[in-house]
Each structure stands twice: as C-alpha cells, then as structure tokens.
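Data file: target-v3.cif. Format and content: mmCIF, C-alpha atoms.
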data_input
#
loop_
_atom_site.label_atom_id
_atom_site.label_comp_id
_atom_site.auth_asym_id
_atom_site.auth_seq_id
_atom_site.Cartn_x
_atom_site.Cartn_y
_atom_site.Cartn_z
CA MET U 1 -32.14 -17.16 -3.75
CA ALA U 2 -30.09 -15.52 -6.48
CA ARG U 3 -32.19 -12.39 -6.02
CA ALA U 4 -31.65 -12.31 -2.24
CA ASN U 5 -27.91 -12.83 -2.67
CA THR U 6 -27.69 -10.00 -5.19
CA THR U 7 -29.55 -7.68 -2.84
CA LYS U 8 -27.35 -8.63 0.14
CA ARG U 9 -24.23 -8.10 -1.99
CA ALA U 10 -25.43 -4.66 -3.13
CA ILE U 11 -26.13 -3.67 0.49
CA LEU U 12 -22.75 -4.90 1.77
CA ASP U 13 -20.89 -3.16 -1.07
CA ALA U 14 -22.75 0.12 -0.47
CA ALA U 15 -22.12 -0.07 3.30
CA LEU U 16 -18.40 -0.63 2.72
CA GLU U 17 -18.10 2.22 0.24
CA LEU U 18 -19.84 4.65 2.61
CA ALA U 19 -17.98 3.53 5.74
CA ALA U 20 -14.56 3.71 4.04
CA THR U 21 -14.94 7.46 3.65
CA LYS U 22 -17.41 8.50 6.37
CA GLY U 23 -16.66 5.91 9.03
CA ILE U 24 -19.22 3.45 10.39
CA THR U 25 -20.66 5.90 12.93
CA GLY U 26 -21.03 8.52 10.19
CA THR U 27 -22.92 6.14 7.87
CA THR U 28 -26.72 5.89 8.13
CA MET U 29 -29.02 3.06 7.06
CA ASP U 30 -30.87 5.58 4.82
CA GLU U 31 -27.65 6.28 2.91
CA VAL U 32 -26.89 2.55 2.60
CA ALA U 33 -30.37 1.88 1.16
CA GLU U 34 -30.05 4.78 -1.28
CA LEU U 35 -26.58 3.84 -2.57
CA ALA U 36 -27.50 0.15 -2.81
CA GLY U 37 -30.66 1.06 -4.71
CA VAL U 38 -32.90 -0.97 -2.40
CA ALA U 39 -36.00 -0.03 -0.40
CA LYS U 40 -35.56 0.44 3.33
CA GLY U 41 -37.87 -2.50 3.98
CA SER U 42 -35.61 -4.73 1.94
CA LEU U 43 -32.51 -3.41 3.75
CA TYR U 44 -34.00 -4.19 7.17
CA TYR U 45 -35.29 -7.55 5.92
CA ASN U 46 -31.68 -8.53 5.12
CA PHE U 47 -29.98 -6.85 8.11
CA SER U 48 -32.05 -6.06 11.15
CA SER U 49 -29.79 -3.22 12.35
CA LYS U 50 -26.73 -1.18 11.39
CA ASP U 51 -24.71 -3.15 13.95
CA GLN U 52 -25.73 -6.42 12.36
CA LEU U 53 -24.91 -5.11 8.88
CA PHE U 54 -21.41 -4.00 9.83
CA GLU U 55 -20.75 -7.13 11.85
CA ALA U 56 -21.61 -9.17 8.73
CA LEU U 57 -19.41 -6.94 6.56
CA LEU U 58 -16.36 -7.20 8.83
CA GLN U 59 -16.93 -10.90 9.44
CA GLU U 60 -17.01 -11.58 5.70
CA GLY U 61 -13.98 -9.37 5.01
CA VAL U 62 -11.74 -10.62 7.82
CA GLY U 63 -12.85 -14.22 7.23
CA ALA U 64 -11.87 -14.02 3.54
CA LEU U 65 -8.57 -12.40 4.58
CA ALA U 66 -7.72 -15.25 6.97
CA ASP U 67 -8.62 -17.90 4.34
CA SER U 68 -6.50 -16.21 1.70
CA LEU U 69 -3.53 -15.88 4.06
CA ARG U 70 -3.81 -19.52 5.06
CA SER U 71 -3.75 -20.58 1.42
CA ALA U 72 -0.73 -18.32 0.72
CA LYS U 73 1.17 -19.97 3.56
CA GLY U 74 0.31 -23.44 2.25
CA GLU U 75 3.26 -25.72 2.91
CA LEU U 76 5.76 -22.85 3.33
CA ARG U 77 7.47 -22.50 6.68
CA GLY U 78 9.36 -19.81 8.62
CA TRP U 79 10.69 -16.75 6.78
CA ASP U 80 9.63 -18.19 3.40
CA ALA U 81 6.07 -18.20 4.73
CA VAL U 82 6.38 -14.67 6.18
CA ASP U 83 7.64 -13.46 2.81
CA ALA U 84 4.67 -15.05 0.98
CA LEU U 85 2.21 -13.72 3.57
CA VAL U 86 3.52 -10.16 3.26
CA THR U 87 3.09 -10.22 -0.51
CA ARG U 88 -0.37 -11.80 -0.31
CA LEU U 89 -1.55 -9.29 2.30
CA LEU U 90 -0.32 -6.41 0.14
CA ASP U 91 -2.28 -7.78 -2.84
CA LEU U 92 -5.41 -8.17 -0.69
CA ILE U 93 -5.10 -4.57 0.50
CA ALA U 94 -4.66 -3.34 -3.08
CA ALA U 95 -7.67 -5.39 -4.23
CA ASN U 96 -9.89 -4.04 -1.45
CA ALA U 97 -8.61 -0.68 -0.24
CA PRO U 98 -11.96 0.40 1.31
CA LEU U 99 -12.00 -2.73 3.50
CA ALA U 100 -8.35 -2.20 4.47
CA LYS U 101 -9.09 1.39 5.50
CA LEU U 102 -12.10 0.24 7.49
CA MET U 103 -10.09 -2.48 9.24
CA ALA U 104 -7.31 -0.01 10.07
CA SER U 105 -9.83 2.28 11.71
CA GLU U 106 -11.81 -0.44 13.55
CA ILE U 107 -9.04 -2.75 14.70
CA PHE U 108 -8.45 -1.09 18.08
CA ARG U 109 -11.95 0.25 18.75
CA THR U 110 -13.29 -1.28 21.94
CA ASP U 111 -16.85 0.05 22.02
CA ARG U 112 -18.47 -1.85 19.16
CA ALA U 113 -21.36 -4.28 19.40
CA TRP U 114 -19.41 -6.69 17.16
CA GLN U 115 -16.19 -6.36 19.19
CA GLU U 116 -15.89 -10.05 20.12
CA THR U 117 -16.53 -11.26 16.58
CA LEU U 118 -13.92 -8.86 15.24
CA PHE U 119 -11.36 -9.85 17.89
CA ALA U 120 -11.82 -13.52 17.06
CA LEU U 121 -11.55 -12.95 13.31
CA ARG U 122 -8.62 -10.58 13.68
CA HIS U 123 -6.94 -13.25 15.77
CA ASP U 124 -7.49 -15.80 12.96
CA ALA U 125 -5.77 -13.55 10.42
CA LEU U 126 -2.86 -12.66 12.71
CA ALA U 127 -2.52 -16.31 13.76
CA VAL U 128 -1.29 -17.25 10.28
CA PHE U 129 1.56 -14.73 10.62
CA ALA U 130 2.24 -15.84 14.21
CA GLU U 131 2.42 -19.48 13.10
CA ALA U 132 5.01 -18.63 10.41
CA ILE U 133 7.04 -16.56 12.90
CA ASP U 134 6.92 -19.42 15.42
CA GLU U 135 8.69 -21.53 12.79
CA THR U 136 11.67 -19.13 12.77
CA ASP U 137 14.31 -18.81 15.47
CA ALA U 138 13.27 -15.20 16.21
CA ALA U 139 9.91 -15.95 17.88
CA ALA U 140 11.02 -16.57 21.49
CA GLY U 141 7.44 -16.66 22.81
CA ARG U 142 6.53 -13.28 21.40
CA SER U 143 5.11 -14.17 17.99
CA GLY U 144 1.83 -12.35 18.78
CA ILE U 145 3.55 -8.97 19.12
CA MET U 146 5.77 -9.73 16.10
CA ALA U 147 2.81 -10.84 13.95
CA SER U 148 1.06 -7.54 14.73
CA GLY U 149 4.22 -5.68 13.76
CA VAL U 150 4.49 -7.38 10.38
CA PHE U 151 0.75 -6.96 9.75
CA GLY U 152 0.89 -3.27 10.76
CA ALA U 153 3.90 -2.65 8.51
CA VAL U 154 2.14 -4.11 5.47
CA LEU U 155 -1.19 -2.40 6.24
CA MET U 156 0.34 1.04 6.69
CA SER U 157 2.83 0.81 3.79
CA GLY U 158 0.09 -0.58 1.58
CA LEU U 159 -2.33 2.24 2.37
CA GLU U 160 0.47 4.82 2.04
CA TRP U 161 1.08 3.45 -1.45
CA LEU U 162 -2.59 3.42 -2.51
CA VAL U 163 -3.51 6.79 -0.99
CA PHE U 164 -0.33 8.83 -1.49
CA GLU U 165 1.98 7.14 -4.03
CA PRO U 166 -0.35 5.22 -6.41
CA GLU U 167 2.09 5.67 -9.31
CA ARG U 168 4.48 3.06 -7.85
CA ASP U 169 4.15 -0.48 -9.05
CA ARG U 170 3.24 -3.37 -6.79
CA ASP U 171 6.57 -5.23 -7.02
CA GLU U 172 8.44 -2.10 -5.99
CA VAL U 173 6.15 -1.63 -2.99
CA ALA U 174 6.44 -5.30 -1.97
CA ALA U 175 10.24 -5.03 -2.19
CA ALA U 176 10.23 -1.86 -0.06
CA ILE U 177 8.16 -3.54 2.65
CA LEU U 178 10.34 -6.65 2.65
CA ALA U 179 13.39 -4.38 2.91
CA THR U 180 12.06 -2.95 6.21
CA LEU U 181 11.40 -6.42 7.64
CA ARG U 182 13.80 -9.07 8.82
CA VAL U 183 12.82 -11.48 6.06
CA ARG U 184 15.53 -13.59 4.33
CA MET X 1 -4.60 33.15 31.21
CA ALA X 2 -3.89 30.27 33.59
CA ARG X 3 -7.64 29.75 33.92
CA ALA X 4 -8.19 29.72 30.16
CA ASN X 5 -5.34 27.25 29.68
CA THR X 6 -6.74 24.96 32.37
CA THR X 7 -10.16 25.03 30.72
CA LYS X 8 -8.72 24.34 27.27
CA ARG X 9 -6.67 21.46 28.69
CA ALA X 10 -9.73 19.93 30.40
CA ILE X 11 -11.70 20.17 27.15
CA LEU X 12 -8.94 18.60 25.03
CA ASP X 13 -8.43 15.78 27.56
CA ALA X 14 -12.17 15.05 27.72
CA ALA X 15 -12.47 15.09 23.91
CA LEU X 16 -9.55 12.64 23.59
CA GLU X 17 -10.94 10.28 26.21
CA LEU X 18 -14.36 10.19 24.53
CA ALA X 19 -13.03 9.88 20.97
CA ALA X 20 -10.63 7.06 21.88
CA THR X 21 -13.56 4.79 22.72
CA LYS X 22 -16.50 6.23 20.75
CA GLY X 23 -14.69 7.66 17.73
CA ILE X 24 -14.81 11.32 16.73
CA THR X 25 -18.11 11.02 14.85
CA GLY X 26 -19.67 9.28 17.86
CA THR X 27 -18.59 12.01 20.28
CA THR X 28 -20.87 15.02 20.85
CA MET X 29 -19.98 18.50 22.11
CA ASP X 30 -22.53 17.97 24.94
CA GLU X 31 -20.58 14.93 26.16
CA VAL X 32 -17.27 16.81 25.92
CA ALA X 33 -18.66 19.69 28.01
CA GLU X 34 -20.06 17.29 30.61
CA LEU X 35 -16.89 15.19 30.99
CA ALA X 36 -14.66 18.30 31.04
CA GLY X 37 -16.94 19.86 33.69
CA VAL X 38 -17.35 23.11 31.75
CA ALA X 39 -20.44 24.98 30.60
CA LYS X 40 -21.35 24.72 26.92
CA GLY X 41 -20.79 28.46 26.52
CA SER X 42 -17.24 28.04 27.77
CA LEU X 43 -16.68 25.05 25.46
CA TYR X 44 -17.78 27.03 22.38
CA TYR X 45 -15.83 30.09 23.55
CA ASN X 46 -12.65 27.97 23.40
CA PHE X 47 -13.49 25.89 20.31
CA SER X 48 -16.07 27.22 17.87
CA SER X 49 -17.00 23.76 16.51
CA LYS X 50 -16.36 20.06 16.98
CA ASP X 51 -14.19 20.10 13.84
CA GLN X 52 -12.08 22.89 15.28
CA LEU X 53 -11.74 21.06 18.61
CA PHE X 54 -10.55 17.81 17.01
CA GLU X 55 -8.27 19.62 14.60
CA ALA X 56 -6.61 21.29 17.60
CA LEU X 57 -6.38 17.97 19.43
CA LEU X 58 -4.75 16.11 16.53
CA GLN X 59 -2.51 19.06 15.69
CA GLU X 60 -1.24 19.18 19.26
CA GLY X 61 -0.78 15.40 19.46
CA VAL X 62 0.93 14.85 16.12
CA GLY X 63 3.02 18.03 16.59
CA ALA X 64 4.32 16.78 19.95
CA LEU X 65 4.99 13.38 18.37
CA ALA X 66 7.10 14.89 15.56
CA ASP X 67 9.06 17.05 18.05
CA SER X 68 9.76 14.09 20.30
CA LEU X 69 10.87 11.91 17.38
CA ARG X 70 13.16 14.65 16.11
CA SER X 71 14.80 14.94 19.52
CA ALA X 72 15.19 11.12 19.75
CA LYS X 73 17.00 11.12 16.41
CA GLY X 74 19.29 13.93 17.51
CA GLU X 75 22.72 13.33 16.01
CA LEU X 76 22.09 9.63 15.31
CA ARG X 77 22.18 8.48 11.70
CA GLY X 78 20.93 5.49 9.65
CA TRP X 79 19.93 2.29 11.45
CA ASP X 80 21.08 3.69 14.83
CA ALA X 81 18.53 6.46 14.33
CA VAL X 82 15.77 4.03 13.21
CA ASP X 83 16.44 1.95 16.33
CA ALA X 84 16.15 5.01 18.61
CA LEU X 85 13.02 6.21 16.78
CA VAL X 86 11.29 2.83 17.15
CA THR X 87 11.91 2.80 20.90
CA ARG X 88 10.83 6.44 21.32
CA LEU X 89 7.65 5.90 19.31
CA LEU X 90 6.78 2.85 21.42
CA ASP X 91 7.22 4.91 24.59
CA LEU X 92 5.05 7.70 23.18
CA ILE X 93 2.30 5.20 22.32
CA ALA X 94 2.49 3.68 25.82
CA ALA X 95 2.35 7.16 27.41
CA ASN X 96 -0.68 8.18 25.36
CA ALA X 97 -2.62 5.12 24.24
CA PRO X 98 -5.89 7.05 23.60
CA LEU X 99 -4.11 9.38 21.19
CA ALA X 100 -2.39 6.43 19.47
CA LYS X 101 -5.75 4.68 18.99
CA LEU X 102 -7.27 7.87 17.63
CA MET X 103 -4.36 8.37 15.22
CA ALA X 104 -4.60 4.76 14.04
CA SER X 105 -8.27 5.27 13.23
CA GLU X 106 -7.92 8.72 11.62
CA ILE X 107 -4.72 8.34 9.65
CA PHE X 108 -6.33 7.13 6.41
CA ARG X 109 -9.70 8.91 6.66
CA THR X 110 -10.12 11.23 3.73
CA ASP X 111 -13.38 13.00 4.59
CA ARG X 112 -12.37 15.17 7.52
CA ALA X 113 -12.47 18.95 7.68
CA TRP X 114 -8.95 18.87 9.16
CA GLN X 115 -7.60 16.48 6.54
CA GLU X 116 -4.89 18.79 5.17
CA THR X 117 -3.61 19.72 8.61
CA LEU X 118 -3.42 16.06 9.59
CA PHE X 119 -1.68 15.10 6.34
CA ALA X 120 0.93 17.80 6.87
CA LEU X 121 1.54 16.83 10.50
CA ARG X 122 1.57 13.12 9.73
CA HIS X 123 4.15 13.89 7.06
CA ASP X 124 6.30 15.71 9.66
CA ALA X 125 6.30 12.67 11.96
CA LEU X 126 6.97 10.15 9.17
CA ALA X 127 9.64 12.45 7.71
CA VAL X 128 11.90 11.81 10.71
CA PHE X 129 11.77 8.06 9.99
CA ALA X 130 12.22 8.66 6.25
CA GLU X 131 15.26 10.84 6.92
CA ALA X 132 16.89 8.09 9.02
CA ILE X 133 16.09 5.46 6.37
CA ASP X 134 17.56 7.72 3.66
CA GLU X 135 20.84 7.56 5.61
CA THR X 136 20.98 3.74 5.19
CA ASP X 137 21.82 1.85 2.01
CA ALA X 138 18.31 0.29 1.89
CA ALA X 139 16.37 3.44 0.97
CA ALA X 140 16.72 3.41 -2.85
CA GLY X 141 14.21 6.25 -3.32
CA ARG X 142 11.44 4.53 -1.42
CA SER X 143 11.97 5.81 2.10
CA GLY X 144 8.36 7.13 2.27
CA ILE X 145 6.88 3.62 1.90
CA MET X 146 9.53 2.18 4.24
CA ALA X 147 8.94 4.88 6.88
CA SER X 148 5.22 4.07 6.85
CA GLY X 149 6.06 0.39 7.28
CA VAL X 150 8.26 0.97 10.32
CA PHE X 151 5.72 3.39 11.81
CA GLY X 152 2.85 0.94 11.17
CA ALA X 153 4.80 -1.93 12.73
CA VAL X 154 5.44 0.04 15.93
CA LEU X 155 1.89 1.44 16.10
CA MET X 156 0.21 -1.94 15.69
CA SER X 157 2.62 -3.91 17.90
CA GLY X 158 2.41 -1.18 20.53
CA LEU X 159 -1.39 -1.20 20.58
CA GLU X 160 -1.44 -5.02 20.53
CA TRP X 161 0.75 -4.90 23.66
CA LEU X 162 -1.33 -2.28 25.49
CA VAL X 163 -4.74 -3.69 24.57
CA PHE X 164 -4.13 -7.45 24.54
CA GLU X 165 -0.84 -8.28 26.32
CA PRO X 166 -0.37 -5.52 28.94
CA GLU X 167 1.50 -7.92 31.26
CA ARG X 168 4.61 -7.79 29.04
CA ASP X 169 7.31 -5.32 29.94
CA ARG X 170 8.36 -2.51 27.66
CA ASP X 171 11.89 -3.75 26.95
CA GLU X 172 10.54 -7.12 25.85
CA VAL X 173 8.06 -5.43 23.49
CA ALA X 174 10.73 -3.10 22.08
CA ALA X 175 13.00 -6.11 21.47
CA ALA X 176 10.17 -8.02 19.72
CA ILE X 177 9.49 -5.07 17.39
CA LEU X 178 13.18 -4.60 16.58
CA ALA X 179 13.38 -8.35 15.88
CA THR X 180 10.74 -7.99 13.13
CA LEU X 181 12.57 -5.05 11.52
CA ARG X 182 15.78 -4.92 9.57
CA VAL X 183 17.55 -2.89 12.23
CA ARG X 184 21.22 -3.68 13.08
#

Structure encoded using structure tokens:
Amino acid sequence: MARANTTKRAILDAALELAATKGITGTTMDEVAELAGVAKGSLYYNFSSKDQLFEALLQEGVGALADSLRSAKGELRGWDAVDALVTRLLDLIAANAPLAKLMASEIFRTDRAWQETLFALRHDALAVFAEAIDETDAAAGRSGIMASGVFGAVLMSGLEWLVFEPERDRDEVAAAILATLRVR
Amino acid sequence: MARANTTKRAILDAALELAATKGITGTTMDEVAELAGVAKGSLYYNFSSKDQLFEALLQEGVGALADSLRSAKGELRGWDAVDALVTRLLDLIAANAPLAKLMASEIFRTDRAWQETLFALRHDALAVFAEAIDETDAAAGRSGIMASGVFGAVLMSGLEWLVFEPERDRDEVAAAILATLRVR
C-alpha cells in the first residue's frame, strides 16, 4: 500500500510540474513516466489514461482547496470571513503555485473530459466565498458573481506576486489585495 | 490588399475560435486552414508558423484591449478612472469572450515562444489600471499587485457571467463587480 501511494504521489507531482509549464495538452504520458521515474506499465496501472490522471490531479487539488477554505471560514461570518478566506487563498496559492497556474488556465475550458468534475469542485471552492458574501449586506442575490470576483482578484494578484514580484513579502501582498476589495 | 486582409482576418478568427475551446496546443494548423476556408499554402503564406499566428492573434487582442482601456480612462483620475476601466473591461470581455478565455489561460504560461511579447502587452493593459490606482491614496507603491487584483476580479466575474449566468444583464454584473471592489 505504502509503495502504491508513493508511486501515485510521484506520478501526480510529475504531471503537475509538467502541466504547469507546458499545459495539459502539451504534456505526454511518456514525459510523466520519465519525470516520475516510473515505468510506463506502472503509470498506466495507476492511471488508465491522461484524462484520468489529470482529472485525479485537479480533483485532489480543488478538493483540498475547498476543505482548507472551509476550515479558514470556521465560525467567522460576513466580511470577517471574506478577509480570512482571502488570506488563506493567497497562502494556498503561494504554497502550490503550479496548481494555481493550472487552475487559472483550466477554469474556463469547456472541452475537457473532466469538465463536470471540475465544475462541481470549482463550485465547492467558490461556494465558501459565496456563503461569506451572503452573510454581508452587499450580496443582493449576486453572491456567485461576487465570489468569482474576489477569487479572481486573489488568484491574479497572487500569481502576479509569485511570477513577477517575488521579492515582496506575503503580508504586504495580502494587504494590497484587501485594499482593492470592499473588506472592512 | 483587401483580399489579403480578408484572408488574414478569416485565419485569425478561425484560430481564436479553435483555441478558445481546444487551447492553443490542441489546435493544429490543418484545423485552422479548414475552419478559415483557406488552402494550407495561403495559411503559411500569411503566418509562417503556428507560433507566429498565435503571437499575432494575442498581440492584436491585447493591443486593442490596452487602447480601449486607455480611451476609457481619458481624463478621468483615481477611483473615477478605476470605475470606468472596470466597466469598459467587462464590456470588452462580453464582446470577445473567446479572446478573454484565451487570455485567462495564457496569462501565466511561461513556456511560449511569444512570452515576451505577451508580457509586454499584458503590462500595457495592466498599466492603465495601475496608473489610475496610483492616483488614489490606496496605492502605496503596490499598484502593480492591486491592478492585477482588479483585472482578475473583472476577468473572472465576467467569464462566470458569460459561461454560467448568461441570463443576468450587464448593468447588474457591473454593479456586482463594483460592489466587491473598493471603488467610490
């Protein structure tokens, strides 16, 4: 079991690293096997196709994101919750920049085999933001659009920071994002 | 000349339509030629490679975006300018959803032949937002991060609207985005 889990982990990590720079379409199963250091037979034993591999990768990543956001919200409500969610999301992006890049590039693709899984998981992550916004007086039946806006602001500012201004510190970046949002 | 321009236009439009659903890597020159209704010889006469074709497409799109944002800012300053830029960007996304999707998926890729061109053009578009933010008292030397945040909020809310809630009207969406941002 431990062995199988280690192999799966190595494959998922290799797939993420490749896809973050080359895109999913530009990544081949041969490259994944080589970078993971596993035989092709072992790769296909764990994931029967490239679609299945990337569905598992995105499912794991977006699932962990939604869980972490839910725990950051905890008992907080309204703008206090939005504030905590913004900071948590920024930390998650910083901790896993390749996954954040991949999500940014996949989030509006509509031709993928794993489209429905990704929509459902994406909805779970955004739902935590929408729930917090619904607890404010600004929601007015449009918390879905607003949740996307807050999420998009953090995702793009966070990647801007990591890719173009890595010398800034995290607190400064969090403060800059909160300064663009109607929080507090 | 008119003929050449018409052919170029048909090729660029076909390339955008294909890439918006299949991604750039998933789009082939054969498919572009077929959808554009031009012979392959004519395609390669106009664009010597797929890289050159997509560089031209993104250059044209992001260039037009920066010009339109600059004209929306006009003589406006500070938050008034941010407000006008948010609304203009939303309208541009609605008018060209395939290009917006393509930009969202390419903006943080770092492995493209046209990377430097796209970085420079992206910078031109974000610079208009950064300039407006620099005219407020919230900038504090971090207008680059803040400009990305505002841009990301509009891009993601706008695509959320077009892809998932197309029944909403534009004014309602613009108001929802402005309600998430510290504008006014």

Residue nearest chain X among U:Met146, U:Ala66, U:Leu162, U:Leu76 (counting all atoms listed in the file):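 With all atoms listed in the file as the atom set, the closest residue is U:Met146.
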
Option closest in space to chain U, from X:Ala64, X:Ala113, X:Leu102, X:Ala127 [counting only C-alpha atoms]: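 Comparing X:Ala64, X:Ala113, X:Leu102, X:Ala127 against chain U, the winner is X:Leu102.
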
Distance in Å - CA of Leu35 (chain X) versus CA of Arg112 (chain U):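 We find that CA of Leu35 (chain X) and CA of Arg112 (chain U) lie 20.8 Å from each other.
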
Chain and number of each residue from the PyMOL selection byres ((chain X) within 7 of (chain U)), as an MDAnalysis selection string: chainID X and resid 21:22 25:26 101 104:106 108:111 138 142 145:146 148:150 152:154 156:157 160:161 176:177 179:182

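Counting from CA of Gly78 (chain U), the distance to CA of Pro166 (chain X) is 26.7 Å.
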
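You can rank U:Glu131, U:Glu60, U:Asp171, U:Glu34 by their closest distance to Leu85 (chain U) using only C-alpha atoms, and at the top of that list sits U:Glu131.
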
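Taking CA of Leu69 (chain U) as the reference point, CA of Asp83 (chain U) is found at 11.5 Å.
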
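With all atoms listed in the file as the basis for measurement, U:Leu65 is the residue among U:Val38, U:Ala130, U:Leu12, U:Leu65 that approaches Leu92 (chain U) most closely.
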
Nearest candidate to Leu16 (chain U) (options U:Asp67, U:Tyr45, U:Leu90, U:Asn96; using only C-alpha atoms): U:Asn96

Proximity to Ser71 (chain U) - best of U:Ala15, U:Ala39, U:Val128, U:Ala97, only C-alpha atoms: U:Val128
